[in-house]
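Chemist: my_file16.txt is reproduced in full below (compact mmCIF, C-alpha atoms).
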```txt
# COMPACT_ATOMS: atom_id res chain seq x y z
CA MET A 1460 115.69 80.52 55.52
CA PHE A 1461 118.07 83.47 55.43
CA ASN A 1462 121.22 82.66 57.35
CA PHE A 1463 121.40 85.32 60.08
CA SER A 1464 124.21 83.54 61.91
CA ALA A 1465 126.47 84.11 58.92
CA ILE A 1466 125.99 87.88 58.74
CA ILE A 1467 126.41 88.82 62.41
CA LEU A 1468 130.21 88.60 62.50
CA PRO A 1469 130.92 90.44 59.20
CA LEU A 1470 128.25 93.02 60.00
CA THR A 1471 129.64 93.76 63.48
CA VAL A 1472 133.18 94.09 62.12
CA SER A 1473 132.07 96.45 59.31
CA ILE A 1474 129.99 98.62 61.62
CA VAL A 1475 132.91 98.96 64.05
CA ILE A 1476 135.29 99.90 61.21
CA ILE A 1477 132.91 102.38 59.57
CA TYR A 1478 132.20 104.01 62.93
CA GLY A 1479 135.94 104.17 63.65
CA LEU A 1480 136.72 105.79 60.27
CA TYR A 1481 133.88 108.26 60.71
CA HIS A 1482 135.28 109.31 64.08
CA LYS A 1483 138.80 109.57 62.63
CA VAL A 1484 140.35 106.80 64.70
CA ASP A 1485 143.66 105.30 63.44
CA ILE A 1486 141.83 102.04 62.96
CA TYR A 1487 144.83 100.07 61.75
CA ASP A 1488 147.13 100.98 64.64
CA VAL A 1489 144.38 100.62 67.19
CA PHE A 1490 143.53 97.18 65.81
CA LEU A 1491 147.14 96.07 66.19
CA GLU A 1492 147.28 97.44 69.70
CA GLY A 1493 144.14 95.50 70.67
CA ALA A 1494 145.29 92.30 68.99
CA LYS A 1495 148.55 92.51 70.95
CA GLU A 1496 146.59 92.19 74.19
CA SER A 1497 145.67 88.64 73.21
CA PHE A 1498 149.22 87.47 74.05
CA SER A 1499 148.83 88.04 77.78
CA PHE A 1500 145.31 86.67 77.60
CA ILE A 1501 146.47 83.41 76.05
CA MET A 1502 149.43 83.15 78.44
CA THR A 1503 147.13 83.26 81.46
CA MET A 1504 144.71 80.89 79.80
CA PHE A 1505 147.13 78.09 78.96
CA PRO A 1506 147.89 76.75 82.48
CA SER A 1507 144.22 76.43 83.43
CA MET A 1508 143.36 74.83 80.09
CA LEU A 1509 146.21 72.34 80.54
CA ALA A 1510 145.04 71.41 84.03
CA MET A 1511 141.42 71.04 83.03
CA VAL A 1512 141.97 69.17 79.78
CA LEU A 1513 144.11 66.71 81.74
CA GLY A 1514 141.54 66.23 84.52
CA VAL A 1515 138.52 66.06 82.25
CA ASN A 1516 140.12 63.68 79.76
CA ILE A 1517 141.30 61.26 82.45
CA PHE A 1518 137.83 61.28 83.93
CA LEU A 1519 135.97 60.85 80.63
CA LYS A 1520 138.32 58.23 79.16
CA SER A 1521 138.30 56.09 82.32
CA GLY A 1522 134.76 54.98 81.60
CA VAL A 1523 133.32 56.29 84.89
CA VAL A 1524 130.91 58.56 83.10
CA SER A 1525 129.47 55.88 80.81
CA PHE A 1526 129.29 53.51 83.79
CA VAL A 1527 127.17 55.96 85.80
CA PHE A 1528 125.11 56.92 82.77
CA GLU A 1529 124.01 53.36 82.13
CA PHE A 1530 121.91 53.68 85.28
CA LEU A 1531 120.65 57.16 84.51
CA ASP A 1532 119.96 56.50 80.85
CA PRO A 1533 116.30 55.33 81.16
CA LEU A 1534 115.41 58.42 83.20
CA PHE A 1535 116.94 60.80 80.67
CA LYS A 1536 115.34 58.87 77.78
CA ILE A 1537 111.99 59.77 79.33
CA LEU A 1538 113.00 63.43 79.54
CA SER A 1539 114.50 63.10 76.04
CA PHE A 1540 117.67 64.81 77.23
CA PRO A 1541 120.83 63.52 75.54
CA ILE A 1542 122.94 62.17 78.35
CA GLU A 1543 126.26 62.84 76.57
CA VAL A 1544 126.02 66.58 77.30
CA LEU A 1545 125.12 66.09 80.98
CA PRO A 1546 128.71 66.56 82.26
CA LEU A 1547 128.83 69.90 80.44
CA ALA A 1548 125.54 71.01 81.98
CA PHE A 1549 126.83 70.19 85.46
CA ILE A 1550 130.26 71.77 85.17
CA ARG A 1551 129.27 74.91 83.22
CA PRO A 1552 128.20 76.98 86.27
CA ILE A 1553 131.24 75.92 88.31
CA SER A 1554 134.32 76.16 86.13
CA GLY A 1555 134.69 77.89 82.78
CA SER A 1556 137.89 76.16 81.72
CA SER A 1557 136.67 72.66 82.56
CA ALA A 1558 133.45 73.34 80.65
CA LEU A 1559 135.59 74.30 77.66
CA ALA A 1560 137.59 71.09 78.06
CA ILE A 1561 134.37 69.04 78.12
CA LEU A 1562 133.00 70.91 75.09
CA SER A 1563 136.23 70.14 73.28
CA SER A 1564 135.97 66.42 74.01
CA ILE A 1565 132.32 66.33 72.87
CA LEU A 1566 133.19 68.11 69.62
CA LYS A 1567 136.10 65.75 69.08
CA GLU A 1568 134.11 62.61 69.72
CA HIS A 1569 130.82 63.41 68.01
CA GLY A 1570 131.92 66.07 65.50
CA PRO A 1571 131.03 69.78 65.63
CA ASP A 1572 128.28 69.44 63.02
CA SER A 1573 126.45 66.57 64.73
CA PHE A 1574 123.35 67.27 66.80
CA LEU A 1575 125.32 66.68 70.02
CA GLY A 1576 128.14 68.92 68.84
CA ARG A 1577 125.75 71.75 68.05
CA LEU A 1578 123.80 71.26 71.26
CA ALA A 1579 126.99 71.35 73.35
CA SER A 1580 128.12 74.51 71.53
CA VAL A 1581 124.83 76.30 72.18
CA MET A 1582 124.76 75.10 75.79
CA GLN A 1583 128.25 76.45 76.39
CA GLY A 1584 127.11 79.80 74.96
CA SER A 1585 123.87 79.95 76.92
CA THR A 1586 125.24 80.73 80.39
CA ASP A 1587 128.31 81.76 82.35
CA THR A 1588 130.17 80.50 85.42
CA THR A 1589 127.66 81.42 88.11
CA PHE A 1590 129.73 80.32 91.12
CA TYR A 1591 132.82 82.16 89.98
CA ILE A 1592 130.96 85.42 89.33
CA LEU A 1593 129.14 85.34 92.67
CA THR A 1594 132.34 84.65 94.61
CA LEU A 1595 134.39 87.27 92.80
CA TYR A 1596 131.88 90.11 92.95
CA TYR A 1597 130.45 89.53 96.41
CA GLY A 1598 133.93 88.87 97.74
CA SER A 1599 135.16 92.21 96.38
CA VAL A 1600 132.78 94.23 98.58
CA GLY A 1601 132.60 91.90 101.57
CA ILE A 1602 129.02 90.65 101.22
CA LYS A 1603 128.40 87.62 103.43
CA LYS A 1604 124.66 87.01 103.03
CA ILE A 1605 123.89 86.44 99.38
CA LYS A 1606 120.17 85.69 99.95
CA TYR A 1607 118.49 84.25 96.84
CA SER A 1608 121.39 85.00 94.44
CA LEU A 1609 122.40 81.40 93.93
CA VAL A 1610 118.83 80.19 93.35
CA ALA A 1611 118.24 82.88 90.73
CA GLY A 1612 121.65 82.32 89.09
CA LEU A 1613 121.32 78.53 88.90
CA GLY A 1614 117.68 78.87 87.82
CA ALA A 1615 118.87 80.98 84.89
CA ASP A 1616 121.51 78.34 84.08
CA LEU A 1617 118.91 75.58 84.09
CA ALA A 1618 116.67 77.64 81.80
CA GLY A 1619 119.66 78.14 79.48
CA ILE A 1620 120.29 74.39 79.34
CA ILE A 1621 116.67 73.46 78.64
CA GLY A 1622 116.37 76.37 76.22
CA SER A 1623 119.49 75.20 74.34
CA LEU A 1624 117.91 71.79 73.82
CA TRP A 1625 114.71 73.34 72.41
CA ILE A 1626 116.52 75.83 70.23
CA THR A 1627 119.02 73.33 68.85
CA SER A 1628 116.20 70.91 68.01
CA PHE A 1629 114.31 73.74 66.35
CA PHE A 1630 117.25 74.97 64.26
CA PHE A 1631 118.98 71.71 63.42
CA GLY A 1632 116.65 68.92 64.57
CA MET B 1218 134.59 79.20 97.81
CA VAL B 1219 135.30 78.77 94.12
CA SER B 1220 138.99 77.97 94.41
CA LEU B 1221 138.13 75.31 97.00
CA MET B 1222 135.52 73.89 94.71
CA VAL B 1223 137.88 73.80 91.74
CA ASN B 1224 140.48 72.03 93.90
CA LYS B 1225 137.97 69.35 94.76
CA ILE B 1226 136.61 68.92 91.26
CA TRP B 1227 140.04 68.70 89.67
CA GLY B 1228 141.30 66.24 92.29
CA PHE B 1229 138.10 64.23 91.97
CA PHE B 1230 138.41 63.98 88.18
CA ILE B 1231 141.99 62.72 88.31
CA ILE B 1232 141.76 60.37 91.29
CA VAL B 1233 138.39 58.80 90.46
CA GLY B 1234 139.30 58.53 86.79
CA THR B 1235 142.62 56.84 87.50
CA LEU B 1236 141.22 54.44 90.11
CA PHE B 1237 138.30 53.48 87.91
CA ALA B 1238 140.58 52.83 84.95
CA LEU B 1239 142.86 50.75 87.17
CA CYS B 1240 139.96 48.50 88.25
CA ASN B 1241 138.66 48.41 84.73
CA GLY B 1242 141.91 47.35 83.08
CA LYS B 1243 142.03 50.60 81.16
CA ILE B 1244 145.15 52.07 82.76
CA ASP B 1245 146.98 52.06 79.40
CA VAL B 1246 144.39 54.47 78.07
CA ILE B 1247 144.99 56.82 81.01
CA ASN B 1248 148.73 56.55 80.62
CA GLU B 1249 148.42 57.69 77.04
CA GLU B 1250 145.82 60.31 77.93
CA ILE B 1251 148.12 62.07 80.40
CA LEU B 1252 150.68 62.64 77.67
CA THR B 1253 148.29 63.52 74.86
CA SER B 1254 146.30 65.90 77.08
CA CYS B 1255 149.21 68.31 77.16
CA LYS B 1256 149.26 68.41 73.39
CA SER B 1257 145.45 68.79 73.21
CA ALA B 1258 145.54 71.71 75.66
CA LEU B 1259 148.19 73.45 73.58
CA ASP B 1260 146.22 72.81 70.36
CA LEU B 1261 143.14 74.30 71.98
CA VAL B 1262 144.90 77.43 73.13
CA ILE B 1263 146.68 77.87 69.80
CA GLN B 1264 143.37 77.53 68.03
CA LEU B 1265 141.74 80.12 70.29
CA PHE B 1266 144.59 82.57 69.95
CA PRO B 1267 144.05 84.05 66.44
CA VAL B 1268 140.29 84.49 66.86
CA ILE B 1269 140.75 86.17 70.22
CA ALA B 1270 143.48 88.42 68.79
CA LEU B 1271 141.22 89.41 65.91
CA TRP B 1272 138.32 90.11 68.22
CA LEU B 1273 140.34 92.13 70.74
CA GLY B 1274 141.68 94.17 67.83
CA VAL B 1275 138.23 94.91 66.44
CA MET B 1276 136.89 95.72 69.89
CA LYS B 1277 139.78 98.10 70.58
CA ILE B 1278 138.55 100.11 67.59
CA ALA B 1279 135.02 100.00 69.01
CA SER B 1280 136.17 101.34 72.36
CA SER B 1281 138.61 103.97 70.99
CA SER B 1282 135.99 105.37 68.62
CA GLY B 1283 133.48 105.73 71.46
CA LEU B 1284 131.10 103.18 69.95
CA LEU B 1285 130.93 101.02 73.07
CA GLU B 1286 130.35 104.08 75.23
CA LYS B 1287 127.55 105.21 72.93
CA ILE B 1288 125.81 101.83 73.11
CA SER B 1289 126.19 101.79 76.90
CA TYR B 1290 124.51 105.18 77.01
CA LYS B 1291 121.68 103.92 74.82
CA ILE B 1292 120.83 101.03 77.11
CA SER B 1293 120.61 103.03 80.33
CA PRO B 1294 116.82 103.62 80.09
CA VAL B 1295 116.36 99.83 79.99
CA LEU B 1296 118.61 99.51 83.02
CA ARG B 1297 116.47 101.97 84.98
CA PHE B 1298 113.58 99.58 84.48
CA ILE B 1299 115.61 96.52 85.51
CA PHE B 1300 117.16 98.33 88.51
CA PRO B 1301 114.31 100.34 90.05
CA GLU B 1302 116.19 100.98 93.30
CA ILE B 1303 119.19 102.81 91.79
CA PRO B 1304 118.60 106.60 91.78
CA LYS B 1305 118.61 108.33 88.39
CA ASP B 1306 122.09 109.48 87.24
CA HIS B 1307 123.85 107.46 89.91
CA PRO B 1308 127.33 106.34 88.69
CA ALA B 1309 126.40 102.69 89.39
CA LEU B 1310 124.20 102.69 86.29
CA GLY B 1311 127.13 103.78 84.11
CA TYR B 1312 129.38 101.03 85.43
CA ILE B 1313 126.64 98.44 85.06
CA SER B 1314 125.98 99.37 81.44
CA SER B 1315 129.70 99.37 80.58
CA ASN B 1316 130.02 95.95 82.18
CA ILE B 1317 127.05 94.56 80.26
CA ILE B 1318 128.21 95.98 76.93
CA ALA B 1319 131.73 94.60 77.42
CA ASN B 1320 130.23 91.18 78.22
CA ILE B 1321 127.93 91.26 75.19
CA PHE B 1322 130.88 92.01 72.92
CA GLY B 1323 132.89 89.15 74.38
CA LEU B 1324 135.39 91.28 76.33
CA GLY B 1325 135.28 89.31 79.57
CA ASN B 1326 138.60 90.76 80.76
CA ALA B 1327 137.47 94.32 80.18
CA ALA B 1328 134.08 93.65 81.75
CA THR B 1329 135.42 92.59 85.14
CA PRO B 1330 136.89 95.97 86.26
CA PHE B 1331 133.59 97.70 85.37
CA GLY B 1332 131.73 94.99 87.27
CA LEU B 1333 133.87 95.51 90.36
CA LYS B 1334 133.32 99.28 90.18
CA ALA B 1335 129.59 98.65 89.81
CA MET B 1336 129.58 96.49 92.95
CA GLU B 1337 131.51 99.16 94.83
CA SER B 1338 128.99 101.86 94.03
CA LEU B 1339 126.05 99.52 94.70
CA GLN B 1340 127.62 98.86 98.10
CA GLU B 1341 127.48 102.63 98.80
CA LEU B 1342 123.73 102.51 98.25
CA ASN B 1343 123.36 99.35 100.31
CA PRO B 1344 121.92 99.94 103.82
CA LYS B 1345 123.08 96.56 105.19
CA LYS B 1346 126.76 96.22 104.32
CA GLU B 1347 127.07 92.46 104.83
CA GLU B 1348 123.90 91.55 103.00
CA ALA B 1349 123.43 91.55 99.23
CA SER B 1350 121.08 94.33 98.11
CA ARG B 1351 118.32 93.79 95.59
CA SER B 1352 120.22 95.66 92.86
CA MET B 1353 123.37 93.62 93.49
CA ILE B 1354 121.50 90.36 93.04
CA THR B 1355 119.89 91.61 89.82
CA PHE B 1356 123.28 92.74 88.53
CA LEU B 1357 124.91 89.39 89.21
CA VAL B 1358 122.00 87.46 87.70
CA LEU B 1359 122.52 89.50 84.53
CA ASN B 1360 126.21 88.62 84.63
CA THR B 1361 125.79 84.89 85.28
CA SER B 1362 123.33 84.44 82.43
CA GLY B 1363 126.22 85.33 80.11
CA LEU B 1364 124.72 87.58 77.42
CA THR B 1365 127.00 87.35 74.37
CA LEU B 1366 126.66 88.59 70.81
CA ILE B 1367 129.47 86.56 69.24
CA PRO B 1368 130.74 83.49 71.14
CA THR B 1369 134.33 83.69 69.86
CA THR B 1370 135.73 80.78 71.92
CA ILE B 1371 132.99 78.40 70.80
CA ILE B 1372 133.46 79.41 67.16
CA SER B 1373 137.20 78.79 67.28
CA MET B 1374 136.70 75.42 69.00
CA ARG B 1375 134.33 74.41 66.23
CA MET B 1376 137.00 75.47 63.74
CA LEU B 1377 139.54 73.28 65.51
CA TYR B 1378 137.36 70.21 64.90
CA LYS B 1379 136.77 71.19 61.27
CA SER B 1380 133.17 72.30 61.38
CA VAL B 1381 131.68 73.02 57.96
CA SER B 1382 130.01 76.09 59.43
CA PRO B 1383 131.65 77.23 62.69
CA THR B 1384 129.44 80.33 63.01
CA GLU B 1385 126.08 78.58 62.49
CA ILE B 1386 125.53 78.52 66.26
CA ILE B 1387 125.60 82.32 66.70
CA VAL B 1388 121.85 82.93 66.47
CA PRO B 1389 120.95 79.83 68.53
CA CYS B 1390 123.45 80.96 71.19
CA ILE B 1391 121.96 84.46 71.29
CA LEU B 1392 118.47 82.99 71.70
CA ALA B 1393 119.57 80.56 74.42
CA THR B 1394 121.36 83.24 76.43
CA THR B 1395 118.33 85.53 76.02
CA ILE B 1396 116.13 82.80 77.50
CA SER B 1397 118.45 82.31 80.45
CA THR B 1398 118.66 86.08 81.00
CA ILE B 1399 114.89 86.56 80.94
CA VAL B 1400 114.26 83.60 83.23
CA GLY B 1401 117.01 84.85 85.57
CA LEU B 1402 115.48 88.34 85.77
CA LEU B 1403 111.98 86.94 86.30
CA LEU B 1404 113.20 84.61 89.05
CA ASP B 1405 115.04 87.55 90.61
CA ARG B 1406 111.83 89.65 90.72
CA ILE B 1407 109.70 86.79 92.05
CA LEU B 1408 112.21 85.84 94.75
CA HIS B 1409 112.61 89.48 95.72
CA TYR B 1410 108.88 90.00 96.29
CA ARG B 1411 108.59 86.67 98.06
CA SER B 1412 111.46 87.51 100.43
CA LYS B 1413 109.75 90.81 101.26
CA HIS B 1414 106.42 89.26 102.12
CA VAL B 1415 107.60 86.31 104.19
```
Take the structure from the file and write it as structure tokens.
Modeler:
Amino acid sequence: MFNFSAIILPLTVSIVIIYGLYHKVDIYDVFLEGAKESFSFIMTMFPSMLAMVLGVNIFLKSGVVSFVFEFLDPLFKILSFPIEVLPLAFIRPISGSSALAILSSILKEHGPDSFLGRLASVMQGSTDTTFYILTLYYGSVGIKKIKYSLVAGLGADLAGIIGSLWITSFFFG
Amino acid sequence: MVSLMVNKIWGFFIIVGTLFALCNGKIDVINEEILTSCKSALDLVIQLFPVIALWLGVMKIASSSGLLEKISYKISPVLRFIFPEIPKDHPALGYISSNIIANIFGLGNAATPFGLKAMESLQELNPKKEEASRSMITFLVLNTSGLTLIPTTIISMRMLYKSVSPTEIIVPCILATTISTIVGLLLDRILHYRSKHV
């Protein structure tokens, strides 16, 4: 099968550059200017990554998770849902940086090219932090009654999680 | 709401993890973990840095050349279908499409200001100021389903752990986020009509 995943990144970059040249943008200088913005981005990212990697690693390495999962395992066997990615599925809608920390520990433990590693990667990419987005945006305009927002948002997250499992099995199963 | 939740989750992780390890005789592991976590966090951020820098650079060209604006303009007919209650040519549609395009191209930081402007102009259209309007809910569902073309953070994390093919998950990710977006929008419609008829 033709590898579409491999052409998306080069294709996007080339289109952007061709379009920029065509419209007479100083592409080189503008690129540098944009890349410079990553410094402040990384600076604000580090403290939350540090906090979350610490919390998540203590929690995962303590054995609590495997202890709880021994009870849940039969149930998830029936649903054929790999229990190792369950913490990621739970945390993903709540906190972006702790989801990243969990993804990192899954990739480290099982390897990025294992089924679990690929599944966790796709799952991370399938949704966004629902709770954060709702709080930020509704908070900004003073909305108090959010009606069915949370149900729809979490429903979409759940669909993303189940969809990731199907898609990963289809592509790499 | 969120900051409270993060407080609890973080505290829960550390306290429960430490106590459990203490009872389990695994406290040495935790002791080591506290110190190595700092290094792992730094490794992670350092690994993310170059890919993010590259991407922000490329995307700066896309926004300076007017490419992003052009794509935003192209998607507005689709938005009219998704947001039937926003009047034609209302500025809210422009902000919404800029927000969506910035999200799709992985510019989370650039997307947020457009999103806030979009909420502001949706609030102008909203008859009940303390209650979320139908368009607001649809807009946030679109945002929470996380449409992304190139998941740069995931790719760089896969690089960190020496994946043979870090980008192989791009198409699967696009499909998965499309599923969550479609289900989110369908749920939004269904719940909207149900709330009107009850």
Chemist: Kindly indicate which residue among A:Leu1617, A:Ile1605, A:Val1524, A:Val1610 lies nearest to Lys1345 (chain B), using all atoms listed in the file for the distances.
Modeler: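 That would be A:Ile1605, the residue with the smallest distance to Lys1345 (chain B).
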Chemist: For each of B:Lys1291, B:His1414, B:Pro1301, B:Ser1382, take the minimum atom-to-atom distance to chain A, counting all atoms listed in the file, then give the residue where this is smallest.
Modeler: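 Smallest separation from chain A among the options: B:Ser1382.
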Chemist: Axis-aligned box over every listed atom of region 1520-1537 of chain A, padded by 4 Å per side: centre and edges in Å to one decimal, as lines of an AutoDock Vina configuration file?
Modeler:
```
center_x = 125.2
center_y = 57.1
center_z = 81.8
size_x = 34.3
size_y = 15.4
size_z = 16.0
```
Chemist: Do you have the CA of Glu1250 (chain B)-CA of Arg1577 (chain A) distance handy?
Modeler: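 According to the coordinates, CA of Glu1250 (chain B) and CA of Arg1577 (chain A) are separated by 25.1 Å.
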Chemist: Output as JSON lines one row per residue of region 1545-1611 of chain A within 12 Å of region 1518-1522 of chain A: the closest atom pair and its distance in Å to one decimal place, counting only C-alpha atoms, sorted by chain and residue number ascending.
Modeler:
```
{"residue": "A:Pro1546", "atom": "CA", "partner": "A:Leu1519", "partner_atom": "CA", "distance": 9.4}
{"residue": "A:Leu1547", "atom": "CA", "partner": "A:Leu1519", "partner_atom": "CA", "distance": 11.5}
{"residue": "A:Ser1557", "atom": "CA", "partner": "A:Phe1518", "partner_atom": "CA", "distance": 11.5}
{"residue": "A:Ala1560", "atom": "CA", "partner": "A:Leu1519", "partner_atom": "CA", "distance": 10.7}
{"residue": "A:Ile1561", "atom": "CA", "partner": "A:Leu1519", "partner_atom": "CA", "distance": 8.7}
{"residue": "A:Leu1562", "atom": "CA", "partner": "A:Leu1519", "partner_atom": "CA", "distance": 11.9}
{"residue": "A:Ser1563", "atom": "CA", "partner": "A:Leu1519", "partner_atom": "CA", "distance": 11.8}
{"residue": "A:Ser1564", "atom": "CA", "partner": "A:Leu1519", "partner_atom": "CA", "distance": 8.7}
{"residue": "A:Ile1565", "atom": "CA", "partner": "A:Leu1519", "partner_atom": "CA", "distance": 10.2}
{"residue": "A:Glu1568", "atom": "CA", "partner": "A:Leu1519", "partner_atom": "CA", "distance": 11.2}
```
Chemist: For Leu1285 (chain B), find every residue with an atom within 8 Å (counting all atoms listed in the file), except residues of its own chain fewer than 3 positions away, and show them as a ChimeraX atom specification.
Modeler: /B:1279-1280,1288-1289,1315,1318-1319
Chemist: Which residue gives the smallest distance to Phe1490 (chain A) among A:Val1523, A:Val1472, A:Leu1534, A:Ala1465, with all atoms listed in the file counted?
Modeler: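 Going through A:Val1523, A:Val1472, A:Leu1534, A:Ala1465 one by one, the smallest distance to Phe1490 (chain A) is for A:Val1472.
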Chemist: Since the input lacks some atoms of region 1545-1553 of chain A, please model all heavy atoms and print them as an mmCIF file, in the frame of the given file.
Modeler:
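Saved as selection_6.cif:
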```cif
data_model
loop_
_atom_site.group_PDB
_atom_site.id
_atom_site.type_symbol
_atom_site.label_atom_id
_atom_site.label_comp_id
_atom_site.auth_asym_id
_atom_site.auth_seq_id
_atom_site.Cartn_x
_atom_site.Cartn_y
_atom_site.Cartn_z
ATOM 1 N N LEU A 1545 125.382 65.869 79.559
ATOM 2 C CA LEU A 1545 125.120 66.090 80.980
ATOM 3 C C LEU A 1545 126.339 66.614 81.753
ATOM 4 O O LEU A 1545 126.210 67.543 82.550
ATOM 5 C CB LEU A 1545 124.584 64.803 81.597
ATOM 6 C CG LEU A 1545 123.810 64.952 82.892
ATOM 7 C CD1 LEU A 1545 122.603 65.857 82.692
ATOM 8 C CD2 LEU A 1545 123.370 63.595 83.409
ATOM 9 N N PRO A 1546 127.548 66.032 81.530
ATOM 10 C CA PRO A 1546 128.710 66.560 82.260
ATOM 11 C C PRO A 1546 128.920 68.052 81.998
ATOM 12 O O PRO A 1546 129.249 68.810 82.914
ATOM 13 C CB PRO A 1546 129.891 65.760 81.694
ATOM 14 C CG PRO A 1546 129.308 64.529 81.114
ATOM 15 C CD PRO A 1546 127.918 64.880 80.678
ATOM 16 N N LEU A 1547 128.679 68.479 80.780
ATOM 17 C CA LEU A 1547 128.830 69.900 80.440
ATOM 18 C C LEU A 1547 127.831 70.742 81.230
ATOM 19 O O LEU A 1547 128.185 71.765 81.810
ATOM 20 C CB LEU A 1547 128.623 70.088 78.932
ATOM 21 C CG LEU A 1547 128.766 71.514 78.409
ATOM 22 C CD1 LEU A 1547 130.176 72.027 78.625
ATOM 23 C CD2 LEU A 1547 128.405 71.595 76.931
ATOM 24 N N ALA A 1548 126.576 70.274 81.267
ATOM 25 C CA ALA A 1548 125.540 71.010 81.980
ATOM 26 C C ALA A 1548 125.877 71.170 83.455
ATOM 27 O O ALA A 1548 125.631 72.212 84.057
ATOM 28 C CB ALA A 1548 124.194 70.306 81.817
ATOM 29 N N PHE A 1549 126.492 70.131 84.040
ATOM 30 C CA PHE A 1549 126.830 70.190 85.460
ATOM 31 C C PHE A 1549 128.002 71.118 85.745
ATOM 32 O O PHE A 1549 128.014 71.850 86.727
ATOM 33 C CB PHE A 1549 127.184 68.787 85.987
ATOM 34 C CG PHE A 1549 126.010 68.088 86.580
ATOM 35 C CD1 PHE A 1549 125.415 67.015 85.946
ATOM 36 C CD2 PHE A 1549 125.488 68.535 87.792
ATOM 37 C CE1 PHE A 1549 124.307 66.392 86.487
ATOM 38 C CE2 PHE A 1549 124.393 67.914 88.346
ATOM 39 C CZ PHE A 1549 123.798 66.841 87.695
ATOM 40 N N ILE A 1550 129.017 71.052 84.899
ATOM 41 C CA ILE A 1550 130.260 71.770 85.170
ATOM 42 C C ILE A 1550 130.176 73.243 84.759
ATOM 43 O O ILE A 1550 130.817 74.109 85.358
ATOM 44 C CB ILE A 1550 131.444 71.070 84.444
ATOM 45 C CG1 ILE A 1550 131.696 69.700 85.070
ATOM 46 C CG2 ILE A 1550 132.698 71.894 84.493
ATOM 47 C CD1 ILE A 1550 132.134 69.744 86.521
ATOM 48 N N ARG A 1551 129.339 73.546 83.769
ATOM 49 C CA ARG A 1551 129.270 74.910 83.220
ATOM 50 C C ARG A 1551 129.180 76.013 84.277
ATOM 51 O O ARG A 1551 129.905 77.004 84.196
ATOM 52 C CB ARG A 1551 128.112 74.999 82.214
ATOM 53 C CG ARG A 1551 128.051 76.328 81.453
ATOM 54 C CD ARG A 1551 129.198 76.430 80.480
ATOM 55 N NE ARG A 1551 129.263 77.729 79.830
ATOM 56 C CZ ARG A 1551 130.013 78.736 80.258
ATOM 57 N NH1 ARG A 1551 130.733 78.597 81.350
ATOM 58 N NH2 ARG A 1551 130.049 79.871 79.604
ATOM 59 N N PRO A 1552 128.287 75.893 85.294
ATOM 60 C CA PRO A 1552 128.200 76.980 86.270
ATOM 61 C C PRO A 1552 129.393 77.058 87.219
ATOM 62 O O PRO A 1552 129.573 78.058 87.896
ATOM 63 C CB PRO A 1552 126.937 76.652 87.081
ATOM 64 C CG PRO A 1552 126.255 75.552 86.362
ATOM 65 C CD PRO A 1552 127.275 74.859 85.539
ATOM 66 N N ILE A 1553 130.187 75.971 87.296
ATOM 67 C CA ILE A 1553 131.240 75.920 88.310
ATOM 68 C C ILE A 1553 132.587 76.369 87.776
ATOM 69 O O ILE A 1553 133.278 77.180 88.394
ATOM 70 C CB ILE A 1553 131.356 74.489 88.885
ATOM 71 C CG1 ILE A 1553 130.021 74.085 89.511
ATOM 72 C CG2 ILE A 1553 132.467 74.407 89.914
ATOM 73 C CD1 ILE A 1553 129.900 72.627 89.812
#
```
